[in-house]
>>> print(open('my_file_30.cif').read())   # mmCIF, N, CA and C atoms
data_input
#
loop_
_atom_site.label_atom_id
_atom_site.label_comp_id
_atom_site.auth_asym_id
_atom_site.auth_seq_id
_atom_site.Cartn_x
_atom_site.Cartn_y
_atom_site.Cartn_z
N MET M 1 -30.44 -0.28 -16.14
CA MET M 1 -29.10 -0.83 -16.22
C MET M 1 -28.05 0.22 -15.89
N ALA M 2 -28.29 1.44 -16.32
CA ALA M 2 -27.33 2.52 -16.05
C ALA M 2 -27.28 2.83 -14.56
N ALA M 3 -28.41 2.70 -13.88
CA ALA M 3 -28.43 2.97 -12.44
C ALA M 3 -27.63 1.92 -11.68
N VAL M 4 -27.71 0.66 -12.11
CA VAL M 4 -26.95 -0.41 -11.46
C VAL M 4 -25.45 -0.18 -11.67
N LEU M 5 -25.08 0.22 -12.88
CA LEU M 5 -23.69 0.51 -13.18
C LEU M 5 -23.17 1.68 -12.35
N ASP M 6 -23.98 2.70 -12.19
CA ASP M 6 -23.59 3.84 -11.36
C ASP M 6 -23.44 3.43 -9.90
N ILE M 7 -24.31 2.57 -9.41
CA ILE M 7 -24.21 2.12 -8.02
C ILE M 7 -22.93 1.31 -7.81
N ILE M 8 -22.63 0.40 -8.73
CA ILE M 8 -21.40 -0.39 -8.62
C ILE M 8 -20.18 0.52 -8.67
N THR M 9 -20.20 1.48 -9.57
CA THR M 9 -19.10 2.43 -9.68
C THR M 9 -18.89 3.17 -8.37
N TRP M 10 -19.95 3.69 -7.80
CA TRP M 10 -19.83 4.47 -6.57
C TRP M 10 -19.45 3.62 -5.38
N VAL M 11 -19.85 2.36 -5.36
CA VAL M 11 -19.44 1.47 -4.26
C VAL M 11 -17.91 1.31 -4.28
N PHE M 12 -17.35 1.07 -5.46
CA PHE M 12 -15.90 0.93 -5.56
C PHE M 12 -15.17 2.24 -5.26
N ILE M 13 -15.66 3.34 -5.79
CA ILE M 13 -14.99 4.62 -5.58
C ILE M 13 -15.07 5.04 -4.11
N VAL M 14 -16.23 4.89 -3.49
CA VAL M 14 -16.36 5.25 -2.08
C VAL M 14 -15.51 4.32 -1.22
N GLY M 15 -15.47 3.04 -1.56
CA GLY M 15 -14.60 2.11 -0.85
C GLY M 15 -13.14 2.51 -0.94
N GLY M 16 -12.70 2.91 -2.12
CA GLY M 16 -11.32 3.38 -2.30
C GLY M 16 -11.03 4.64 -1.51
N VAL M 17 -11.99 5.56 -1.49
CA VAL M 17 -11.81 6.79 -0.72
C VAL M 17 -11.74 6.48 0.77
N VAL M 18 -12.54 5.54 1.23
CA VAL M 18 -12.51 5.16 2.65
C VAL M 18 -11.14 4.57 3.00
N PHE M 19 -10.60 3.70 2.16
CA PHE M 19 -9.27 3.15 2.42
C PHE M 19 -8.21 4.25 2.40
N CYS M 20 -8.32 5.20 1.48
CA CYS M 20 -7.36 6.31 1.43
C CYS M 20 -7.44 7.16 2.70
N LEU M 21 -8.65 7.41 3.18
CA LEU M 21 -8.80 8.20 4.41
C LEU M 21 -8.25 7.45 5.62
N ILE M 22 -8.54 6.17 5.72
CA ILE M 22 -8.03 5.38 6.83
C ILE M 22 -6.49 5.33 6.79
N GLY M 23 -5.94 5.12 5.62
CA GLY M 23 -4.49 5.10 5.48
C GLY M 23 -3.86 6.45 5.78
N GLY M 24 -4.50 7.53 5.36
CA GLY M 24 -3.99 8.86 5.67
C GLY M 24 -4.02 9.14 7.16
N TYR M 25 -5.07 8.70 7.82
CA TYR M 25 -5.15 8.83 9.27
C TYR M 25 -4.05 8.01 9.93
N GLY M 26 -3.79 6.83 9.39
CA GLY M 26 -2.72 6.00 9.92
C GLY M 26 -1.35 6.63 9.74
N LEU M 27 -1.13 7.31 8.62
CA LEU M 27 0.14 8.00 8.41
C LEU M 27 0.38 9.08 9.46
N ILE M 28 -0.68 9.70 9.90
CA ILE M 28 -0.56 10.77 10.89
C ILE M 28 -0.43 10.21 12.30
N LYS M 29 -1.22 9.21 12.65
CA LYS M 29 -1.33 8.77 14.03
C LYS M 29 -0.39 7.64 14.45
N LEU M 30 0.04 6.81 13.53
CA LEU M 30 0.86 5.66 13.92
C LEU M 30 2.26 6.13 14.32
N LYS M 31 2.85 5.46 15.32
CA LYS M 31 4.09 5.93 15.92
C LYS M 31 5.35 5.31 15.34
N ASP M 32 5.22 4.25 14.59
CA ASP M 32 6.37 3.49 14.13
C ASP M 32 6.54 3.66 12.63
N VAL M 33 7.80 3.66 12.17
CA VAL M 33 8.08 3.79 10.74
C VAL M 33 7.43 2.65 9.96
N TYR M 34 7.50 1.46 10.50
CA TYR M 34 6.98 0.30 9.79
C TYR M 34 5.45 0.29 9.76
N ALA M 35 4.84 0.76 10.81
CA ALA M 35 3.37 0.87 10.81
C ALA M 35 2.93 1.93 9.81
N ARG M 36 3.69 3.01 9.72
CA ARG M 36 3.37 4.04 8.72
C ARG M 36 3.56 3.54 7.31
N LEU M 37 4.59 2.71 7.11
CA LEU M 37 4.78 2.10 5.79
C LEU M 37 3.59 1.23 5.42
N HIS M 38 3.06 0.51 6.39
CA HIS M 38 1.89 -0.32 6.14
C HIS M 38 0.69 0.54 5.74
N ALA M 39 0.51 1.65 6.43
CA ALA M 39 -0.60 2.55 6.09
C ALA M 39 -0.42 3.13 4.69
N ALA M 40 0.81 3.48 4.35
CA ALA M 40 1.06 4.03 3.00
C ALA M 40 0.81 2.99 1.92
N SER M 41 1.19 1.74 2.18
CA SER M 41 0.94 0.71 1.18
C SER M 41 -0.55 0.40 1.07
N LEU M 42 -1.29 0.56 2.15
CA LEU M 42 -2.74 0.39 2.12
C LEU M 42 -3.37 1.41 1.18
N ILE M 43 -2.90 2.65 1.26
CA ILE M 43 -3.42 3.70 0.39
C ILE M 43 -3.12 3.36 -1.06
N ASP M 44 -1.86 2.98 -1.34
CA ASP M 44 -1.47 2.72 -2.73
C ASP M 44 -2.23 1.55 -3.33
N THR M 45 -2.24 0.44 -2.62
CA THR M 45 -2.78 -0.77 -3.22
C THR M 45 -4.30 -0.82 -3.19
N LEU M 46 -4.88 -0.73 -2.01
CA LEU M 46 -6.33 -0.89 -1.90
C LEU M 46 -7.09 0.38 -2.29
N GLY M 47 -6.65 1.51 -1.77
CA GLY M 47 -7.38 2.75 -2.04
C GLY M 47 -7.41 3.10 -3.52
N VAL M 48 -6.23 3.20 -4.10
CA VAL M 48 -6.15 3.56 -5.52
C VAL M 48 -6.69 2.44 -6.39
N GLY M 49 -6.46 1.19 -5.98
CA GLY M 49 -6.97 0.05 -6.76
C GLY M 49 -8.49 0.06 -6.86
N LEU M 50 -9.17 0.28 -5.75
CA LEU M 50 -10.64 0.32 -5.79
C LEU M 50 -11.16 1.51 -6.60
N ILE M 51 -10.49 2.63 -6.48
CA ILE M 51 -10.92 3.79 -7.26
C ILE M 51 -10.75 3.51 -8.75
N LEU M 52 -9.64 2.90 -9.13
CA LEU M 52 -9.44 2.58 -10.54
C LEU M 52 -10.45 1.57 -11.06
N VAL M 53 -10.80 0.59 -10.25
CA VAL M 53 -11.82 -0.38 -10.66
C VAL M 53 -13.17 0.32 -10.84
N GLY M 54 -13.50 1.23 -9.95
CA GLY M 54 -14.73 2.00 -10.10
C GLY M 54 -14.73 2.82 -11.37
N LEU M 55 -13.59 3.42 -11.69
CA LEU M 55 -13.50 4.19 -12.93
C LEU M 55 -13.60 3.28 -14.16
N MET M 56 -13.09 2.05 -14.05
CA MET M 56 -13.21 1.11 -15.17
C MET M 56 -14.67 0.74 -15.43
N PHE M 57 -15.44 0.54 -14.36
CA PHE M 57 -16.86 0.27 -14.55
C PHE M 57 -17.55 1.45 -15.22
N GLN M 58 -17.18 2.64 -14.86
CA GLN M 58 -17.82 3.83 -15.44
C GLN M 58 -17.43 4.03 -16.89
N ALA M 59 -16.18 3.69 -17.24
CA ALA M 59 -15.71 3.92 -18.60
C ALA M 59 -16.27 2.91 -19.59
N GLY M 60 -16.65 1.72 -19.14
CA GLY M 60 -17.15 0.70 -20.07
C GLY M 60 -15.99 0.03 -20.79
N LEU M 61 -16.29 -0.63 -21.89
CA LEU M 61 -15.26 -1.32 -22.66
C LEU M 61 -14.68 -0.37 -23.70
N THR M 62 -13.75 0.46 -23.26
CA THR M 62 -13.10 1.43 -24.15
C THR M 62 -11.59 1.36 -23.97
N LEU M 63 -10.90 2.18 -24.70
CA LEU M 63 -9.46 2.29 -24.56
C LEU M 63 -9.08 2.83 -23.18
N VAL M 64 -9.93 3.65 -22.63
CA VAL M 64 -9.70 4.20 -21.29
C VAL M 64 -9.63 3.07 -20.27
N THR M 65 -10.49 2.08 -20.39
CA THR M 65 -10.48 0.94 -19.47
C THR M 65 -9.18 0.17 -19.58
N ALA M 66 -8.68 -0.01 -20.79
CA ALA M 66 -7.41 -0.70 -20.97
C ALA M 66 -6.27 0.08 -20.32
N LYS M 67 -6.28 1.38 -20.45
CA LYS M 67 -5.25 2.20 -19.82
C LYS M 67 -5.34 2.15 -18.30
N LEU M 68 -6.55 2.19 -17.78
CA LEU M 68 -6.74 2.08 -16.33
C LEU M 68 -6.29 0.72 -15.82
N ALA M 69 -6.54 -0.33 -16.60
CA ALA M 69 -6.10 -1.67 -16.20
C ALA M 69 -4.57 -1.76 -16.17
N LEU M 70 -3.91 -1.14 -17.13
CA LEU M 70 -2.45 -1.12 -17.12
C LEU M 70 -1.91 -0.35 -15.92
N ILE M 71 -2.53 0.75 -15.58
CA ILE M 71 -2.13 1.51 -14.39
C ILE M 71 -2.34 0.66 -13.14
N LEU M 72 -3.44 -0.05 -13.08
CA LEU M 72 -3.74 -0.90 -11.92
C LEU M 72 -2.69 -2.01 -11.77
N VAL M 73 -2.34 -2.66 -12.86
CA VAL M 73 -1.33 -3.72 -12.82
C VAL M 73 0.02 -3.13 -12.38
N PHE M 74 0.37 -1.97 -12.91
CA PHE M 74 1.62 -1.31 -12.54
C PHE M 74 1.65 -1.00 -11.05
N ILE M 75 0.57 -0.49 -10.52
CA ILE M 75 0.50 -0.15 -9.09
C ILE M 75 0.57 -1.42 -8.23
N PHE M 76 -0.11 -2.48 -8.64
CA PHE M 76 -0.10 -3.71 -7.85
C PHE M 76 1.28 -4.35 -7.79
N PHE M 77 2.12 -4.12 -8.80
CA PHE M 77 3.47 -4.68 -8.75
C PHE M 77 4.47 -3.75 -8.09
N THR M 78 4.36 -2.45 -8.31
CA THR M 78 5.38 -1.54 -7.81
C THR M 78 5.17 -1.12 -6.36
N SER M 79 3.95 -0.98 -5.92
CA SER M 79 3.71 -0.51 -4.55
C SER M 79 4.21 -1.47 -3.48
N PRO M 80 3.89 -2.76 -3.54
CA PRO M 80 4.44 -3.66 -2.52
C PRO M 80 5.97 -3.79 -2.61
N THR M 81 6.51 -3.73 -3.83
CA THR M 81 7.95 -3.81 -3.99
C THR M 81 8.64 -2.60 -3.38
N ALA M 82 8.11 -1.42 -3.60
CA ALA M 82 8.69 -0.21 -3.03
C ALA M 82 8.56 -0.20 -1.51
N THR M 83 7.44 -0.65 -0.99
CA THR M 83 7.26 -0.71 0.46
C THR M 83 8.25 -1.68 1.08
N HIS M 84 8.45 -2.83 0.45
CA HIS M 84 9.42 -3.80 0.96
C HIS M 84 10.83 -3.22 0.93
N ALA M 85 11.18 -2.53 -0.14
CA ALA M 85 12.52 -1.94 -0.25
C ALA M 85 12.73 -0.87 0.82
N LEU M 86 11.72 -0.06 1.09
CA LEU M 86 11.85 0.96 2.14
C LEU M 86 11.99 0.32 3.51
N ALA M 87 11.23 -0.73 3.77
CA ALA M 87 11.33 -1.41 5.06
C ALA M 87 12.70 -2.06 5.22
N ARG M 88 13.20 -2.68 4.18
CA ARG M 88 14.52 -3.31 4.24
C ARG M 88 15.61 -2.26 4.44
N ALA M 89 15.50 -1.11 3.78
CA ALA M 89 16.48 -0.04 3.97
C ALA M 89 16.44 0.50 5.39
N ALA M 90 15.26 0.61 5.96
CA ALA M 90 15.15 1.08 7.35
C ALA M 90 15.79 0.09 8.31
N ILE M 91 15.58 -1.19 8.10
CA ILE M 91 16.21 -2.20 8.96
C ILE M 91 17.73 -2.15 8.81
N ASN M 92 18.22 -2.01 7.60
CA ASN M 92 19.66 -1.98 7.38
C ASN M 92 20.33 -0.74 7.94
N HIS M 93 19.56 0.30 8.18
CA HIS M 93 20.10 1.53 8.78
C HIS M 93 19.73 1.64 10.25
N ASP M 94 19.50 0.48 10.87
CA ASP M 94 19.26 0.37 12.32
C ASP M 94 18.05 1.15 12.81
N VAL M 95 17.04 1.28 12.00
CA VAL M 95 15.76 1.82 12.46
C VAL M 95 14.92 0.61 12.84
N LEU M 96 14.89 0.33 14.12
CA LEU M 96 14.21 -0.87 14.59
C LEU M 96 12.77 -0.55 14.95
N PRO M 97 11.89 -1.49 14.74
CA PRO M 97 10.49 -1.26 15.13
C PRO M 97 10.36 -1.23 16.64
N GLU M 98 9.33 -0.56 17.11
CA GLU M 98 9.06 -0.50 18.53
C GLU M 98 8.36 -1.79 18.94
N VAL M 99 9.12 -2.66 19.63
CA VAL M 99 8.60 -3.95 20.05
C VAL M 99 8.61 -4.03 21.57
N GLU M 100 7.95 -5.04 22.10
CA GLU M 100 7.75 -5.15 23.55
C GLU M 100 8.91 -5.80 24.29
N THR M 101 9.46 -6.89 23.75
CA THR M 101 10.44 -7.66 24.52
C THR M 101 11.79 -7.65 23.83
N GLU M 102 12.81 -8.04 24.58
CA GLU M 102 14.16 -8.13 24.04
C GLU M 102 14.27 -9.27 23.02
N GLU M 103 13.49 -10.32 23.21
CA GLU M 103 13.49 -11.44 22.26
C GLU M 103 13.02 -10.97 20.89
N GLU M 104 11.99 -10.13 20.86
CA GLU M 104 11.52 -9.58 19.60
C GLU M 104 12.56 -8.66 18.98
N ARG M 105 13.29 -7.90 19.81
CA ARG M 105 14.35 -7.03 19.29
C ARG M 105 15.46 -7.85 18.63
N GLU M 106 15.82 -8.96 19.25
CA GLU M 106 16.84 -9.84 18.67
C GLU M 106 16.36 -10.44 17.35
N LEU M 107 15.10 -10.77 17.28
CA LEU M 107 14.54 -11.29 16.03
C LEU M 107 14.62 -10.25 14.93
N VAL M 108 14.35 -9.00 15.26
CA VAL M 108 14.44 -7.92 14.28
C VAL M 108 15.88 -7.74 13.84
N ARG M 109 16.81 -7.76 14.80
CA ARG M 109 18.22 -7.59 14.45
C ARG M 109 18.73 -8.73 13.58
N SER M 110 18.20 -9.92 13.77
CA SER M 110 18.65 -11.07 12.99
C SER M 110 18.18 -11.01 11.54
N THR M 111 17.15 -10.22 11.25
CA THR M 111 16.70 -10.11 9.87
C THR M 111 17.48 -9.09 9.06
N LYS M 112 18.37 -8.38 9.72
CA LYS M 112 19.16 -7.36 9.05
C LYS M 112 20.06 -8.02 8.01
N THR M 113 20.17 -7.40 6.84
CA THR M 113 21.01 -7.92 5.79
C THR M 113 22.47 -7.86 6.24
N GLN M 114 23.25 -8.80 5.83
CA GLN M 114 24.65 -8.90 6.27
C GLN M 114 25.52 -7.87 5.54
N THR M 115 25.32 -6.59 5.80
CA THR M 115 26.11 -5.56 5.14
C THR M 115 27.47 -5.38 5.81
N GLU M 116 27.55 -5.63 7.12
CA GLU M 116 28.82 -5.47 7.82
C GLU M 116 29.81 -6.55 7.39
N ALA M 117 29.32 -7.74 7.06
CA ALA M 117 30.20 -8.84 6.66
C ALA M 117 30.82 -8.58 5.30
N THR M 118 30.16 -7.81 4.46
CA THR M 118 30.69 -7.56 3.13
C THR M 118 31.63 -6.38 3.08
N LYS M 119 31.74 -5.63 4.17
CA LYS M 119 32.62 -4.45 4.18
C LYS M 119 34.06 -4.83 4.37
#
>>> encode(input="my_file_30.cif", output="structure tokens")
Amino acid sequence: MAAVLDIITWVFIVGGVVFCLIGGYGLIKLKDVYARLHAASLIDTLGVGLILVGLMFQAGLTLVTAKLALILVFIFFTSPTATHALARAAINHDVLPEVETEEERELVRSTKTQTEATK
């Protein structure tokens, strides 16, 4: 039984490390601010989430597991919210994504928050 638990633990931890490595590579290689934000959110949500789940399996039913679960819930709520806020701030400061056509550029400009109208 302990061997099965160790295998499950390592599957989750190795999966989380793989997502962290892929996201880190994306942070270095991707050319667009928004693509890099996506890579960073991948690291936060999936990478750290899988590692925490693996640690929960290893800890068993203890107080440590409850603390890890609270950290996991906190990360699942704050990481996407922070990524969305950063993307919205970039759009509002005229950092446009690299798109192919002028129609796509107009679509991006139309999503900008109406900050000029409130000035």
>>> resolve_selection(input="my_file_30.cif", expression="the PyMOL selection byres ((chain M and resi 97) around 6.5)", output="PyMOL selection string")
chain M and resi 32-34+95-96+98-99
>>> atom_distance(input="my_file_30.cif", atom1="CA of Glu106 in chain M", atom2="atom N of Ala87 in chain M")
18.3 Å
>>> residues_around(input="my_file_30.cif", residues="range 60-75 of chain M", least_positions_apart="4", cutoff="9 Å", atoms="only C-alpha atoms", output="list in words")
Asp44, Thr45, Val48, Gly49, Leu52, Val53, Leu55, Met56, Ser79 and Pro80 of chain M
>>> closest_residue(input="my_file_30.cif", among="M:Ile22, M:Val108, M:Ile13, M:Leu30", to="Ala90 in chain M", atoms="only C-alpha atoms")
M:Val108
>>> atom_distance(input="my_file_30.cif", atom1="CA of Glu104 in chain M", atom2="atom C of Phe77 in chain M")
29.2 Å
>>> residues_near_point(input="my_file_30.cif", point="(-3.8, 4.3, -0.3)", cutoff="8 Å", atoms="only C-alpha atoms", output="list of chain:residue names")
M:Gly16, M:Phe19, M:Cys20, M:Leu21, M:Gly23, M:Gly24, M:Ala39, M:Ala40, M:Ser41, M:Leu42, M:Ile43, M:Asp44, M:Thr45, M:Leu46, M:Gly47, M:Val48
>>> select_by_dssp(input="my_file_30.cif", residues="chain M", states="alpha helix (DSSP H)", output="VMD selection string")
chain M and resid 2 to 29 33 to 42 48 to 59 63 to 92 102 to 110 115 to 118
